[in-house]
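Structure, as structure tokens:
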Amino acid sequence: MRMPAHFTLLDAGDAAAVAAYETGFYKAFSAVTGNRLIRWLWQWDDDAQRLATRVPYDDQIVYLQRTSDGEVCAALAVNTALRQCQASAFGFAMPEDKGLCEFLTVFVNDGHDLRARYAFWADCFADLRHRGLLAGYATTARRPLGLYRRLGADVVDTATIEGEERFFLRFSLGRDYIRRRAEADAA
């Protein structure tokens, strides 16, 4: 399978590659103070400035974008095994249908090139479709909800945990909202 130019995949067996990803992940979320729940959702190593999800890398596909210097500037981590689901930490239950995955994190560290971000997301979704996946579920706080809805997410459920609102989202991987959104924004 030819990999689109908009991403590479994390080699979880390469310690340096994992460190670069976890450093980029940490950089993206370390300054987020209004979202206290992520401090217990993920595995934080503040001393090493690294961040990881609790889902093992063997159960994930991690899509990456890098700067010309090799620094991870964007990523989408996807739980494809669903042996354990991050959403359950917020009380949400994944449907038991086939062809599902869970988006564990998405981040961007390098600015505001929306067209590049749309292309990244669209190519990741296309790759997931190619792998036979039909829909992806995710959780989010209120602040990024508008962006995710603009990219085609449907709100499936909501919960309030320790005074913070969380949304359980479903992205249809068969829809091409992201590609169309990029084309509309470019026009």
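In the structure tokens, each chain is lettered A, B, ... as it comes, each chain's residues begin at 1, and ligands are numbered from 1 in order of appearance.
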Selection near Ser30 of chain A, 12 Å with only C-alpha atoms, sequence-local residues under 5 positions removed, as JSON, numbers by chain: {"A": [22, 23, 24, 25, 35, 36, 38, 39, 42, 43, 44, 45, 46, 47, 49, 50, 51, 107, 109]}
Residue list (strand (DSSP E), DSSP) for segment 82-164 of chain A, as a list in words: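 Matching residues for strand (DSSP E) in segment 82-164 of chain A are Leu100, Cys101, Glu102, Phe103, Leu104, Thr105, Val106, Phe107, Val108, Ala135, Gly136, Tyr137, Ala138, Thr139, Thr140, Asp154, Val155, Val156, Asp157, Thr158, Ala159, Thr160, Ile161 and Glu164 of chain A.
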Nearest residue to Asp110 of chain A from the set A:Ala74, A:Val32, A:Ala20, A:Ala159 (distances using only C-alpha atoms):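 So, comparing all the options, the nearest one is A:Ala74.
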Which of A:Ala93, A:Cys85, A:Val72, A:Ala141 sits closest to Ala17 of chain A [using only C-alpha atoms]: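 Of A:Ala93, A:Cys85, A:Val72, A:Ala141, the one nearest Ala17 of chain A is A:Val72, counting only C-alpha atoms.
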Residues near Arg142 of chain A, cut-off 8 Å, only C-alpha atoms, skip fewer than 5 positions along chain, as a compact mmCIF listing (two decimals) with N, CA and C atoms, in the first residue's frame:
```
# COMPACT_ATOMS: atom_id res chain seq x y z
N GLU A 165 -17.55 19.07 31.26
CA GLU A 165 -18.40 18.43 30.27
C GLU A 165 -17.55 17.66 29.26
N ARG A 166 -17.97 16.45 28.93
CA ARG A 166 -17.30 15.62 27.94
C ARG A 166 -18.33 15.17 26.92
N PHE A 167 -17.90 15.08 25.68
CA PHE A 167 -18.74 14.68 24.57
C PHE A 167 -18.17 13.42 23.94
```
All helix (DSSP H, G or I) residues (DSSP, backbone) inside segment 22-163 of chain A, as a VMD selection string: chain A and resid 22 to 29 38 to 41 57 to 59 86 to 90 114 to 130 145 to 150
Residues within 8 Å of Asn79 of chain A, only C-alpha atoms, excluding chain neighbours under 4 positions, as a PDB file with all heavy atoms, in the first residue's frame:
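Output file part_10.pdb follows:
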```
ATOM      1  N   VAL A  55      -3.566   3.144  26.336  1.00  0.00           N
ATOM      2  CA  VAL A  55      -3.751   2.049  25.385  1.00  0.00           C
ATOM      3  C   VAL A  55      -2.368   1.668  24.839  1.00  0.00           C
ATOM      4  O   VAL A  55      -1.619   2.540  24.380  1.00  0.00           O
ATOM      5  CB  VAL A  55      -4.691   2.476  24.241  1.00  0.00           C
ATOM      6  CG1 VAL A  55      -4.782   1.404  23.167  1.00  0.00           C
ATOM      7  CG2 VAL A  55      -6.076   2.812  24.798  1.00  0.00           C
ATOM      8  N   ASP A  59      -1.791  -1.866  20.117  1.00  0.00           N
ATOM      9  CA  ASP A  59      -3.209  -1.762  19.779  1.00  0.00           C
ATOM     10  C   ASP A  59      -3.534  -0.499  18.986  1.00  0.00           C
ATOM     11  O   ASP A  59      -4.699  -0.211  18.725  1.00  0.00           O
ATOM     12  CB  ASP A  59      -4.057  -1.769  21.057  1.00  0.00           C
ATOM     13  CG  ASP A  59      -4.037  -3.121  21.759  1.00  0.00           C
ATOM     14  OD1 ASP A  59      -3.494  -4.096  21.200  1.00  0.00           O
ATOM     15  OD2 ASP A  59      -4.569  -3.201  22.886  1.00  0.00           O
ATOM     16  N   GLN A  60      -2.516   0.267  18.618  1.00  0.00           N
ATOM     17  CA  GLN A  60      -2.727   1.559  17.968  1.00  0.00           C
ATOM     18  C   GLN A  60      -2.084   1.638  16.584  1.00  0.00           C
ATOM     19  O   GLN A  60      -1.107   0.958  16.312  1.00  0.00           O
ATOM     20  CB  GLN A  60      -2.072   2.685  18.779  1.00  0.00           C
ATOM     21  CG  GLN A  60      -2.608   2.927  20.143  1.00  0.00           C
ATOM     22  CD  GLN A  60      -1.900   4.113  20.786  1.00  0.00           C
ATOM     23  OE1 GLN A  60      -1.724   5.159  20.177  1.00  0.00           O
ATOM     24  NE2 GLN A  60      -1.504   3.944  22.038  1.00  0.00           N
ATOM     25  N   ILE A  61      -2.637   2.544  15.802  1.00  0.00           N
ATOM     26  CA  ILE A  61      -1.978   3.092  14.623  1.00  0.00           C
ATOM     27  C   ILE A  61      -1.793   4.565  14.958  1.00  0.00           C
ATOM     28  O   ILE A  61      -2.754   5.232  15.346  1.00  0.00           O
ATOM     29  CB  ILE A  61      -2.840   2.963  13.353  1.00  0.00           C
ATOM     30  CG1 ILE A  61      -3.128   1.506  13.027  1.00  0.00           C
ATOM     31  CG2 ILE A  61      -2.160   3.666  12.177  1.00  0.00           C
ATOM     32  CD1 ILE A  61      -4.167   1.329  11.924  1.00  0.00           C
ATOM     33  N   CYS A  85     -10.722   0.638  26.024  1.00  0.00           N
ATOM     34  CA  CYS A  85     -11.131   1.872  25.363  1.00  0.00           C
ATOM     35  C   CYS A  85     -10.966   3.058  26.298  1.00  0.00           C
ATOM     36  O   CYS A  85     -11.405   3.028  27.444  1.00  0.00           O
ATOM     37  CB  CYS A  85     -12.577   1.775  24.888  1.00  0.00           C
ATOM     38  SG  CYS A  85     -12.772   0.563  23.566  1.00  0.00           S
ATOM     39  N   CYS A 101     -13.189   2.053  15.362  1.00  0.00           N
ATOM     40  CA  CYS A 101     -11.931   2.385  16.020  1.00  0.00           C
ATOM     41  C   CYS A 101     -12.188   3.543  16.971  1.00  0.00           C
ATOM     42  O   CYS A 101     -13.286   4.112  16.988  1.00  0.00           O
ATOM     43  CB  CYS A 101     -10.854   2.757  14.994  1.00  0.00           C
ATOM     44  SG  CYS A 101     -11.228   4.210  13.986  1.00  0.00           S
ATOM     45  N   GLU A 102     -11.183   3.862  17.767  1.00  0.00           N
ATOM     46  CA  GLU A 102     -11.302   4.958  18.726  1.00  0.00           C
ATOM     47  C   GLU A 102     -10.132   5.909  18.525  1.00  0.00           C
ATOM     48  O   GLU A 102      -8.976   5.488  18.506  1.00  0.00           O
ATOM     49  CB  GLU A 102     -11.267   4.400  20.150  1.00  0.00           C
ATOM     50  CG  GLU A 102     -11.331   5.475  21.212  1.00  0.00           C
ATOM     51  CD  GLU A 102     -11.165   4.930  22.620  1.00  0.00           C
ATOM     52  OE1 GLU A 102     -10.456   3.909  22.805  1.00  0.00           O
ATOM     53  OE2 GLU A 102     -11.736   5.539  23.538  1.00  0.00           O
ATOM     54  N   PHE A 103     -10.446   7.183  18.367  1.00  0.00           N
ATOM     55  CA  PHE A 103      -9.405   8.199  18.274  1.00  0.00           C
ATOM     56  C   PHE A 103      -8.965   8.549  19.690  1.00  0.00           C
ATOM     57  O   PHE A 103      -9.773   9.006  20.492  1.00  0.00           O
ATOM     58  CB  PHE A 103      -9.913   9.438  17.537  1.00  0.00           C
ATOM     59  CG  PHE A 103     -10.362   9.147  16.131  1.00  0.00           C
ATOM     60  CD1 PHE A 103     -11.595   9.573  15.691  1.00  0.00           C
ATOM     61  CD2 PHE A 103      -9.560   8.444  15.259  1.00  0.00           C
ATOM     62  CE1 PHE A 103     -12.019   9.306  14.400  1.00  0.00           C
ATOM     63  CE2 PHE A 103      -9.974   8.160  13.960  1.00  0.00           C
ATOM     64  CZ  PHE A 103     -11.215   8.594  13.529  1.00  0.00           C
ATOM     65  N   LEU A 104      -7.690   8.325  19.982  1.00  0.00           N
ATOM     66  CA  LEU A 104      -7.159   8.531  21.324  1.00  0.00           C
ATOM     67  C   LEU A 104      -6.674   9.956  21.536  1.00  0.00           C
ATOM     68  O   LEU A 104      -6.833  10.518  22.616  1.00  0.00           O
ATOM     69  CB  LEU A 104      -6.012   7.555  21.590  1.00  0.00           C
ATOM     70  CG  LEU A 104      -6.386   6.079  21.474  1.00  0.00           C
ATOM     71  CD1 LEU A 104      -5.142   5.210  21.534  1.00  0.00           C
ATOM     72  CD2 LEU A 104      -7.379   5.709  22.569  1.00  0.00           C
TER      73      LEU A 104
END
```
Distance of atom CA of Leu76 of chain A from atom CA of Ala31 of chain A, expressed in Å to one decimal place: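 Here the two named atoms are 18.9 Å from each other.
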